[in-house]
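Everything on this sheet refers to the single structure shown next.
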2 protein chains.
Amino acid sequence: MKKMINRPEDYVNEMLEGLYIAHPDLLTYVADDYRCVVTTKKKEGKVGLVTGGGSGHLPLFLGYVGEGMLDGCAVGDVFQSPSSEQILEITRTVNSGAGVLYIYGNYNGDIFNFDMAAEMAGFEDGIRVETVVAGEDVASAGPAAPGEKNTRRGVAGILFVYKCAGAAADEMLPLDEVKRIAEKAAANVRTMGVALTACVVPRVGKPGFVIAEDEMEIGMGIHGETGIRRGKLEPADQIVVEMLDQIVADLPYQKGDEVAVLINGLGATPLDEQYIITRKVDSCLKEKGITPKRYYVGEFATSLEMAGVSISLLRLDEELKKYLFAPARTPFFRE
Amino acid sequence: MKKMINRPEDYVNEMLEGLYIAHPDLLTYVADDYRCVVTTKKKEGKVGLVTGGGSGHLPLFLGYVGEGMLDGCAVGDVFQSPSSEQILEITRTVNSGAGVLYIYGNYNGDIFNFDMAAEMAGFEDGIRVETVVAGEDVASAGPAAPGEKNTRRGVAGILFVYKCAGAAADEMLPLDEVKRIAEKAAANVRTMGVALTACVVPRVGKPGFVIAEDEMEIGMGIHGETGIRRGKLEPADQIVVEMLDQIVADLPYQKGDEVAVLINGLGATPLDEQYIITRKVDSCLKEKGITPKRYYVGEFATSLEMAGVSISLLRLDEELKKYLFAPARTPFFRE
């Protein structure tokens with residue numbers, strides 16, 4: 001394990017301590033617990049937006065707490081869900097009478113703990129909590145049949161859900177409206193990733209799997225979950241064509257659509273490569289008659305030191321454009 | 001070589017194409033050459049600020065072209081200087097009568113080409129050009145004796161020089177004043193880095209050196225130049241103490257000083273680790289009676305997929321604070 005860290009058991013708390021030192025204007029914590037992150041910019045009367053999830057994905061999840069996006073984030077151990085008690089503490093802090101919306105990725109541990117926190121918040125504090133579970137990784141499962149539960153993993157595309165819901169809440173819309181907009185963003189985003197190397201959970205100390213020196217895995221999840229296929233590493237353009245074809249066909253995104261595009265580095269991939277990919281994504285979309293309105297390129301949702309990228313598309317309409325491009329200020333996202 | 005690229009010979013131009021696609025509001029190019037990057041926000045009558053250098057360091061160098069920082073950047077091949085002709089084309093474009101200031105890192109190829117461009121700009125176009133060469137890597141050489149040339153390499157700390165000079169130019173100060181402020185920032189910044197892994201130049205296809213699985217190299221340069229010592233990988237806190245002691249002693253930074261701190265990931269190091277380092281830097285500085293006024297944490301000057309970090313300090317006074325915290329908007333730096 002080649003990491004600049006101290007004791008693996010201190011990894012998350014020391015990382016959080018650094019975050020509070022670097023971003024005192026935006027982030028603080030409650031309940032004497034570094035893992036209960038809340039905004040310093042609480043806006044009275046606004047719907048509170050809360051997320052959470054395992055560590056190891058910075059800037060996800062806590063990096064989007066601030067102004068115009070999220071109000072709180074419960075932080076788990078690396079790749080582990082936070083506890084329901086932590087979520088509850090944050091819920092109590094960010095609620096200011098208009099209710100709270102939970103937005104998090106589609107993982108069983110998170111669902112269990114957020115559901116329990118929602119129940120406790122309602123029962124003990126009379127706080128109304130609604131939930132939007134984001135799951136847009138087209139490689140992880142087929143689309144949900146009508147009336148069926150979505151079993152897709154939530155990955156980088158959750159950024160768009162945070163941004164649109166955050167702007168809607170910031171406009172002082174009521175909980176049902178903020179939830180509707182979050183659901184709309186979630187319904188219009190699709191993602192697929194490709195991994196070139198594995199990552200190492202600090203407490204484990206060695207990679208959970210290995211990708212050979214000349215191989216890649218298309219569709220791998222952000223914790224190293226198995227993807228669609230493993231094969232020889234191909235030129236960037238070929239990888240983009242394969243991924244984008246599956247993403248576009250899934251919703252489907254169609255000729256005439258406008259989209260926002262997220263090219264997300266998984267941790268160890270240089271920005272250079274992310275821009276080489278941007279170039280091919282742009283020409284592929286335009287060939288399909290789809291108009292990219294805005295690119296977001298960089299590290300937004302990582303997997304520790306994994307090399308690879310994911311591509312996310314968000315289909316836009318006038319309402320989503322308005323919220324996506326509204327002002328926001330967080331440690332890792334500015335608009 | 002495990003990279004998501006196409007032909008190595010297209011690496012730089014395809015990367016640039018992606019950058020223009022993603023940032024059309026801020027970046028464009030002149031002379032029909034992707035490698036001649038200029039701002040879309042030219043401000044008439046302002047001193048033009050021009051930088052340049054090899055590719056492979058994104059966000060350096062071109063990522064700081066925009067509003068309130070740089071006006072142009074000449075882009076070389078990976079780890080290679082741009083040509084004097086490219087620098088000259090940019091100089092002509094960004095000049096609007098107030099002259100041009102070159103700010104770049106202390107490397108022989110860059111010095112040669114920038115000097116030649118300055119001479120041509122003066123001789124052929126009558127443009128007054130001044131130069132500030134940034135070299136602050138304390139691991140690369142001893143401090144220059146009075147009257148001697150600085151032989152230290154320029155690394156991540158150049159960000160502070162860009163920012164302060166950019167804000168001074170944006171305030172419409174004359175060339176001599178902008179140069180004075182750039183020199184002042186350059187004189188008050190010091191950096192040291194540590195590398196855990198090597199990087200691979202695309203056209204070469206294999207690492208130029210190897211750092212063993214249990215080793216690190218303290219003081220390594222951003223092209224893999226030899227550092228101060230190679231040794232067993234140590235806990236993060238110990239690495240920080242060693243680096244910071246040398247940085248602080250060099251200027252020296254003293255009790256009562258206020259500093260800005262740049263914790264810079266070299267490419268493959270997760271943000272988590274950068275924040276763990278931030279935490280220790282903060283406590284070490286405070287122990288020494290030095291006050292960190294602002295932290296900048298993330299990837300600002302990378303070496304392709306190298307794992308490692310650098311730490312930079314900028315000693316602040318009221319004038320530098322004013323320019324450092326003035327507004328700026330570029331693809332990779334917002335204030």
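By convention in this document, the chains of the structure tokens carry letters A, B, ... by their order, each chain's residues are numbered from 1, and ligands are numbered from 1 in the order they are shown.
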
Check which residues of chain A sit at most 6 Å from chain B using only C-alpha atoms, and return one row each with the closest pair of atoms and their distance in Å to one decimal, ordered by chain and rising number, as JSON lines.
```
{"residue": "A:Met4", "atom": "CA", "partner": "B:Ala236", "partner_atom": "CA", "distance": 4.8}
{"residue": "A:Ile5", "atom": "CA", "partner": "B:Ala236", "partner_atom": "CA", "distance": 4.7}
{"residue": "A:Asn6", "atom": "CA", "partner": "B:Pro235", "partner_atom": "CA", "distance": 4.8}
{"residue": "A:Glu14", "atom": "CA", "partner": "B:Ile276", "partner_atom": "CA", "distance": 5.3}
{"residue": "A:Met15", "atom": "CA", "partner": "B:Ile276", "partner_atom": "CA", "distance": 4.6}
{"residue": "A:Gly18", "atom": "CA", "partner": "B:Arg279", "partner_atom": "CA", "distance": 4.3}
{"residue": "A:Ala22", "atom": "CA", "partner": "B:Tyr295", "partner_atom": "CA", "distance": 5.2}
{"residue": "A:Pro235", "atom": "CA", "partner": "B:Asn6", "partner_atom": "CA", "distance": 4.8}
{"residue": "A:Ala236", "atom": "CA", "partner": "B:Ile5", "partner_atom": "CA", "distance": 4.7}
{"residue": "A:Ala268", "atom": "CA", "partner": "B:Ala268", "partner_atom": "CA", "distance": 3.8}
{"residue": "A:Pro270", "atom": "CA", "partner": "B:Leu304", "partner_atom": "CA", "distance": 5.5}
{"residue": "A:Asp272", "atom": "CA", "partner": "B:Met15", "partner_atom": "CA", "distance": 5.5}
{"residue": "A:Glu273", "atom": "CA", "partner": "B:Met4", "partner_atom": "CA", "distance": 5.9}
{"residue": "A:Tyr275", "atom": "CA", "partner": "B:Gly18", "partner_atom": "CA", "distance": 4.5}
{"residue": "A:Ile276", "atom": "CA", "partner": "B:Met15", "partner_atom": "CA", "distance": 4.6}
{"residue": "A:Thr278", "atom": "CA", "partner": "B:Gly18", "partner_atom": "CA", "distance": 5.2}
{"residue": "A:Arg279", "atom": "CA", "partner": "B:Gly18", "partner_atom": "CA", "distance": 4.3}
{"residue": "A:Tyr295", "atom": "CA", "partner": "B:Ala22", "partner_atom": "CA", "distance": 5.2}
{"residue": "A:Leu304", "atom": "CA", "partner": "B:Pro270", "partner_atom": "CA", "distance": 5.5}
{"residue": "A:Glu305", "atom": "CA", "partner": "B:Pro270", "partner_atom": "CA", "distance": 5.7}
```

(message) Give me, as an MDAnalysis selection string, all polymer residues having an atom no more than 8 Å from segment 219-225 of chain A, counting only C-alpha atoms and skipping those fewer than 4 positions away in the same chain.
(response) chainID A and resid 79 137:140 153 155 192:195 198:199 208:209 229 266 302:303

Restrict the selected residues to C-alpha atoms and save them as a PDB file, in the first residue's frame.
```
ATOM      1  CA  PHE A  79     -16.586   2.621   1.276  1.00  0.00           C
ATOM      2  CA  ASP A 137     -24.830   3.553 -13.671  1.00  0.00           C
ATOM      3  CA  VAL A 138     -26.077   1.859 -16.832  1.00  0.00           C
ATOM      4  CA  ALA A 139     -23.394  -0.810 -16.481  1.00  0.00           C
ATOM      5  CA  SER A 140     -24.638  -2.026 -13.113  1.00  0.00           C
ATOM      6  CA  ARG A 153     -25.689   1.914  -8.538  1.00  0.00           C
ATOM      7  CA  VAL A 155     -22.170   7.135  -9.204  1.00  0.00           C
ATOM      8  CA  MET A 192     -20.810   4.663 -17.319  1.00  0.00           C
ATOM      9  CA  GLY A 193     -17.244   4.270 -16.128  1.00  0.00           C
ATOM     10  CA  VAL A 194     -14.056   2.496 -17.130  1.00  0.00           C
ATOM     11  CA  ALA A 195     -11.257   1.493 -14.763  1.00  0.00           C
ATOM     12  CA  ALA A 198      -7.614  -0.979  -8.769  1.00  0.00           C
ATOM     13  CA  CYS A 199      -7.669   0.988  -5.526  1.00  0.00           C
ATOM     14  CA  GLY A 208      -9.318  -6.140  -3.673  1.00  0.00           C
ATOM     15  CA  PHE A 209      -8.770  -7.102  -7.313  1.00  0.00           C
ATOM     16  CA  ARG A 229     -16.505  -6.595 -19.700  1.00  0.00           C
ATOM     17  CA  LEU A 266     -11.609   8.403 -10.843  1.00  0.00           C
ATOM     18  CA  THR A 302     -13.355   9.302  -7.223  1.00  0.00           C
ATOM     19  CA  SER A 303     -12.373   5.853  -6.011  1.00  0.00           C
TER      20      SER A 303
END
```

(message) So that I can check the surroundings of segment 166-183 of chain A, please list as a VMD selection string every protein, DNA and RNA residue that reaches within 7 Å of it, counting only C-alpha atoms and ignoring chain neighbours fewer than 3 positions away.
(response) chain A and resid 46 to 47 68 to 70 98 to 99 101 132 161 to 163 186 to 187 323 326

Expected file: the selected residues, C-alpha atoms, as a CSV table (one decimal), in the first residue's frame:
```csv
chain,number,residue,atom,x,y,z
A,46,LYS,CA,-35.3,26.6,3.4
A,47,VAL,CA,-35.7,22.9,2.7
A,68,GLY,CA,-26.8,26.6,-3.2
A,69,MET,CA,-26.2,22.8,-3.0
A,70,LEU,CA,-26.2,20.6,0.1
A,98,ALA,CA,-39.6,23.3,5.8
A,99,GLY,CA,-38.6,19.6,6.0
A,101,LEU,CA,-34.7,15.9,1.5
A,132,VAL,CA,-34.5,10.6,-3.6
A,161,VAL,CA,-29.1,15.9,-8.8
A,162,TYR,CA,-27.4,17.8,-5.9
A,163,LYS,CA,-27.0,20.8,-8.1
A,186,ALA,CA,-32.1,11.7,-11.4
A,187,ALA,CA,-34.4,10.4,-14.1
A,323,TYR,CA,-31.3,25.2,-11.7
A,326,ALA,CA,-27.9,28.9,-10.8
```

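Atom CA of Asp317 of chain B to atom CA of Ala249 of chain B spans 18.8 Å [interatomic distance, one decimal].
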
(request) Per DSSP on the backbone, filter segment 97-276 of chain B down to the residues in strand (DSSP E or B) and report them as a PyMOL selection string. (result) chain B and resi 100-105+129-134+137+189-195+215-218+229-232+258-265+267

Take the residues just selected and output them with C-alpha atoms as a PDB file, in the first residue's frame.
```pdb
ATOM      1  CA  VAL B 100       3.860  42.429 -21.640  1.00  0.00           C
ATOM      2  CA  LEU B 101       5.207  40.565 -18.622  1.00  0.00           C
ATOM      3  CA  TYR B 102       6.546  37.022 -19.024  1.00  0.00           C
ATOM      4  CA  ILE B 103       6.257  34.796 -15.959  1.00  0.00           C
ATOM      5  CA  TYR B 104       7.543  31.253 -16.275  1.00  0.00           C
ATOM      6  CA  GLY B 105       9.467  28.554 -14.443  1.00  0.00           C
ATOM      7  CA  VAL B 129       8.566  42.962 -22.558  1.00  0.00           C
ATOM      8  CA  GLU B 130       9.728  42.331 -19.001  1.00  0.00           C
ATOM      9  CA  THR B 131      10.411  38.952 -17.425  1.00  0.00           C
ATOM     10  CA  VAL B 132      10.068  37.298 -14.025  1.00  0.00           C
ATOM     11  CA  VAL B 133      11.505  33.803 -13.777  1.00  0.00           C
ATOM     12  CA  ALA B 134      10.013  31.827 -10.882  1.00  0.00           C
ATOM     13  CA  ASP B 137      11.952  24.600  -5.198  1.00  0.00           C
ATOM     14  CA  VAL B 189       7.316  31.703  -2.013  1.00  0.00           C
ATOM     15  CA  ARG B 190       9.077  28.404  -1.275  1.00  0.00           C
ATOM     16  CA  THR B 191       8.129  24.866  -2.261  1.00  0.00           C
ATOM     17  CA  MET B 192       9.209  21.289  -1.667  1.00  0.00           C
ATOM     18  CA  GLY B 193       7.740  18.089  -3.099  1.00  0.00           C
ATOM     19  CA  VAL B 194       7.761  14.382  -2.429  1.00  0.00           C
ATOM     20  CA  ALA B 195       7.140  11.678  -5.025  1.00  0.00           C
ATOM     21  CA  GLU B 215      10.118   4.013  -1.069  1.00  0.00           C
ATOM     22  CA  MET B 216       9.590   7.736  -1.624  1.00  0.00           C
ATOM     23  CA  GLU B 217      11.820  10.513  -2.940  1.00  0.00           C
ATOM     24  CA  ILE B 218      11.838  13.773  -1.009  1.00  0.00           C
ATOM     25  CA  ARG B 229      17.014  11.858  -0.583  1.00  0.00           C
ATOM     26  CA  ARG B 230      15.337   8.594  -1.344  1.00  0.00           C
ATOM     27  CA  GLY B 231      14.173   6.526   1.595  1.00  0.00           C
ATOM     28  CA  LYS B 232      11.539   4.239   3.024  1.00  0.00           C
ATOM     29  CA  GLU B 258       1.140  35.184   7.832  1.00  0.00           C
ATOM     30  CA  VAL B 259       1.243  32.711   4.942  1.00  0.00           C
ATOM     31  CA  ALA B 260      -0.881  31.256   2.187  1.00  0.00           C
ATOM     32  CA  VAL B 261      -0.429  27.495   1.872  1.00  0.00           C
ATOM     33  CA  LEU B 262      -0.650  25.402  -1.268  1.00  0.00           C
ATOM     34  CA  ILE B 263      -0.991  21.625  -0.804  1.00  0.00           C
ATOM     35  CA  ASN B 264      -0.613  20.364  -4.353  1.00  0.00           C
ATOM     36  CA  GLY B 265      -1.348  16.838  -5.570  1.00  0.00           C
ATOM     37  CA  GLY B 267      -1.482  13.676 -10.191  1.00  0.00           C
TER      38      GLY B 267
END
```

(message) Write out as a PyMOL selection string the set of residues from segment 81-247 of chain B that DSSP, computed on the backbone, places in helix (DSSP H, G or I).
(response) chain B and resi 84-94+108-125+158-170+175-187+236-247

Output file for the residues above (C-alpha atoms, as a PDB file, in the first residue's frame):
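And here is the file that came out, out05.pdb:
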```
ATOM      1  CA  SER B  84       9.875  31.347 -29.396  1.00  0.00           C
ATOM      2  CA  GLU B  85       7.590  31.843 -32.419  1.00  0.00           C
ATOM      3  CA  GLN B  86       4.596  30.629 -30.430  1.00  0.00           C
ATOM      4  CA  ILE B  87       5.488  32.904 -27.531  1.00  0.00           C
ATOM      5  CA  LEU B  88       5.877  35.814 -29.954  1.00  0.00           C
ATOM      6  CA  GLU B  89       2.450  35.222 -31.538  1.00  0.00           C
ATOM      7  CA  ILE B  90       0.845  35.293 -28.109  1.00  0.00           C
ATOM      8  CA  THR B  91       2.818  38.379 -27.105  1.00  0.00           C
ATOM      9  CA  ARG B  92       1.539  40.257 -30.137  1.00  0.00           C
ATOM     10  CA  THR B  93      -2.040  39.223 -29.402  1.00  0.00           C
ATOM     11  CA  VAL B  94      -2.161  40.121 -25.726  1.00  0.00           C
ATOM     12  CA  ASN B 108      16.814  26.434 -19.578  1.00  0.00           C
ATOM     13  CA  GLY B 109      14.658  25.673 -22.617  1.00  0.00           C
ATOM     14  CA  ASP B 110      11.977  28.084 -21.470  1.00  0.00           C
ATOM     15  CA  ILE B 111      14.498  30.825 -20.655  1.00  0.00           C
ATOM     16  CA  PHE B 112      16.061  30.499 -24.085  1.00  0.00           C
ATOM     17  CA  ASN B 113      12.767  30.663 -25.963  1.00  0.00           C
ATOM     18  CA  PHE B 114      11.147  33.380 -23.882  1.00  0.00           C
ATOM     19  CA  ASP B 115      14.282  35.544 -24.133  1.00  0.00           C
ATOM     20  CA  MET B 116      14.314  35.164 -27.890  1.00  0.00           C
ATOM     21  CA  ALA B 117      10.602  35.997 -28.127  1.00  0.00           C
ATOM     22  CA  ALA B 118      11.106  39.096 -25.962  1.00  0.00           C
ATOM     23  CA  GLU B 119      13.891  40.260 -28.237  1.00  0.00           C
ATOM     24  CA  MET B 120      11.820  39.697 -31.379  1.00  0.00           C
ATOM     25  CA  ALA B 121       8.772  41.415 -29.865  1.00  0.00           C
ATOM     26  CA  GLY B 122      10.903  44.453 -29.083  1.00  0.00           C
ATOM     27  CA  PHE B 123      12.798  44.501 -32.349  1.00  0.00           C
ATOM     28  CA  GLU B 124       9.981  43.662 -34.760  1.00  0.00           C
ATOM     29  CA  ASP B 125       6.958  45.119 -33.006  1.00  0.00           C
ATOM     30  CA  ILE B 158       4.285  29.939  -9.509  1.00  0.00           C
ATOM     31  CA  LEU B 159       0.518  29.891  -8.999  1.00  0.00           C
ATOM     32  CA  PHE B 160       0.924  32.598  -6.365  1.00  0.00           C
ATOM     33  CA  VAL B 161       3.068  34.693  -8.709  1.00  0.00           C
ATOM     34  CA  TYR B 162       0.444  34.417 -11.451  1.00  0.00           C
ATOM     35  CA  LYS B 163      -2.334  35.351  -9.048  1.00  0.00           C
ATOM     36  CA  CYS B 164      -0.693  38.401  -7.512  1.00  0.00           C
ATOM     37  CA  ALA B 165       0.669  39.721 -10.817  1.00  0.00           C
ATOM     38  CA  GLY B 166      -2.642  39.010 -12.538  1.00  0.00           C
ATOM     39  CA  ALA B 167      -4.590  41.026  -9.991  1.00  0.00           C
ATOM     40  CA  ALA B 168      -2.091  43.886 -10.179  1.00  0.00           C
ATOM     41  CA  ALA B 169      -2.395  43.988 -13.972  1.00  0.00           C
ATOM     42  CA  ASP B 170      -6.166  43.767 -13.696  1.00  0.00           C
ATOM     43  CA  LEU B 175       4.333  47.237 -16.327  1.00  0.00           C
ATOM     44  CA  ASP B 176       7.016  48.172 -13.794  1.00  0.00           C
ATOM     45  CA  GLU B 177       4.565  47.882 -10.925  1.00  0.00           C
ATOM     46  CA  VAL B 178       3.148  44.574 -12.123  1.00  0.00           C
ATOM     47  CA  LYS B 179       6.706  43.280 -12.440  1.00  0.00           C
ATOM     48  CA  ARG B 180       7.572  44.485  -8.959  1.00  0.00           C
ATOM     49  CA  ILE B 181       4.595  42.651  -7.485  1.00  0.00           C
ATOM     50  CA  ALA B 182       5.390  39.462  -9.431  1.00  0.00           C
ATOM     51  CA  GLU B 183       8.969  39.614  -8.151  1.00  0.00           C
ATOM     52  CA  LYS B 184       7.779  40.216  -4.634  1.00  0.00           C
ATOM     53  CA  ALA B 185       5.493  37.167  -4.754  1.00  0.00           C
ATOM     54  CA  ALA B 186       8.271  35.069  -6.323  1.00  0.00           C
ATOM     55  CA  ALA B 187      10.713  36.169  -3.610  1.00  0.00           C
ATOM     56  CA  ALA B 236       2.400  11.327   6.413  1.00  0.00           C
ATOM     57  CA  ASP B 237       3.048  13.371   9.553  1.00  0.00           C
ATOM     58  CA  GLN B 238       6.757  12.556   9.505  1.00  0.00           C
ATOM     59  CA  ILE B 239       7.056  13.498   5.825  1.00  0.00           C
ATOM     60  CA  VAL B 240       5.338  16.816   6.476  1.00  0.00           C
ATOM     61  CA  VAL B 241       7.639  17.666   9.387  1.00  0.00           C
ATOM     62  CA  GLU B 242      10.749  17.001   7.291  1.00  0.00           C
ATOM     63  CA  MET B 243       9.540  19.013   4.298  1.00  0.00           C
ATOM     64  CA  LEU B 244       8.116  21.894   6.256  1.00  0.00           C
ATOM     65  CA  ASP B 245      11.237  22.286   8.392  1.00  0.00           C
ATOM     66  CA  GLN B 246      13.296  22.792   5.259  1.00  0.00           C
ATOM     67  CA  ILE B 247      10.799  25.121   3.610  1.00  0.00           C
TER      68      ILE B 247
END
```

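Using only C-alpha atoms, the smallest distance between any of A:Ile290, A:Ala156, A:Val210, A:Val37 and Ile311 of chain A comes from A:Ala156.
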
(request) State, in Å with one decimal place, the distance from atom CA of Thr226 of chain B to atom CA of Pro8 of chain B. (result) 25.5 Å
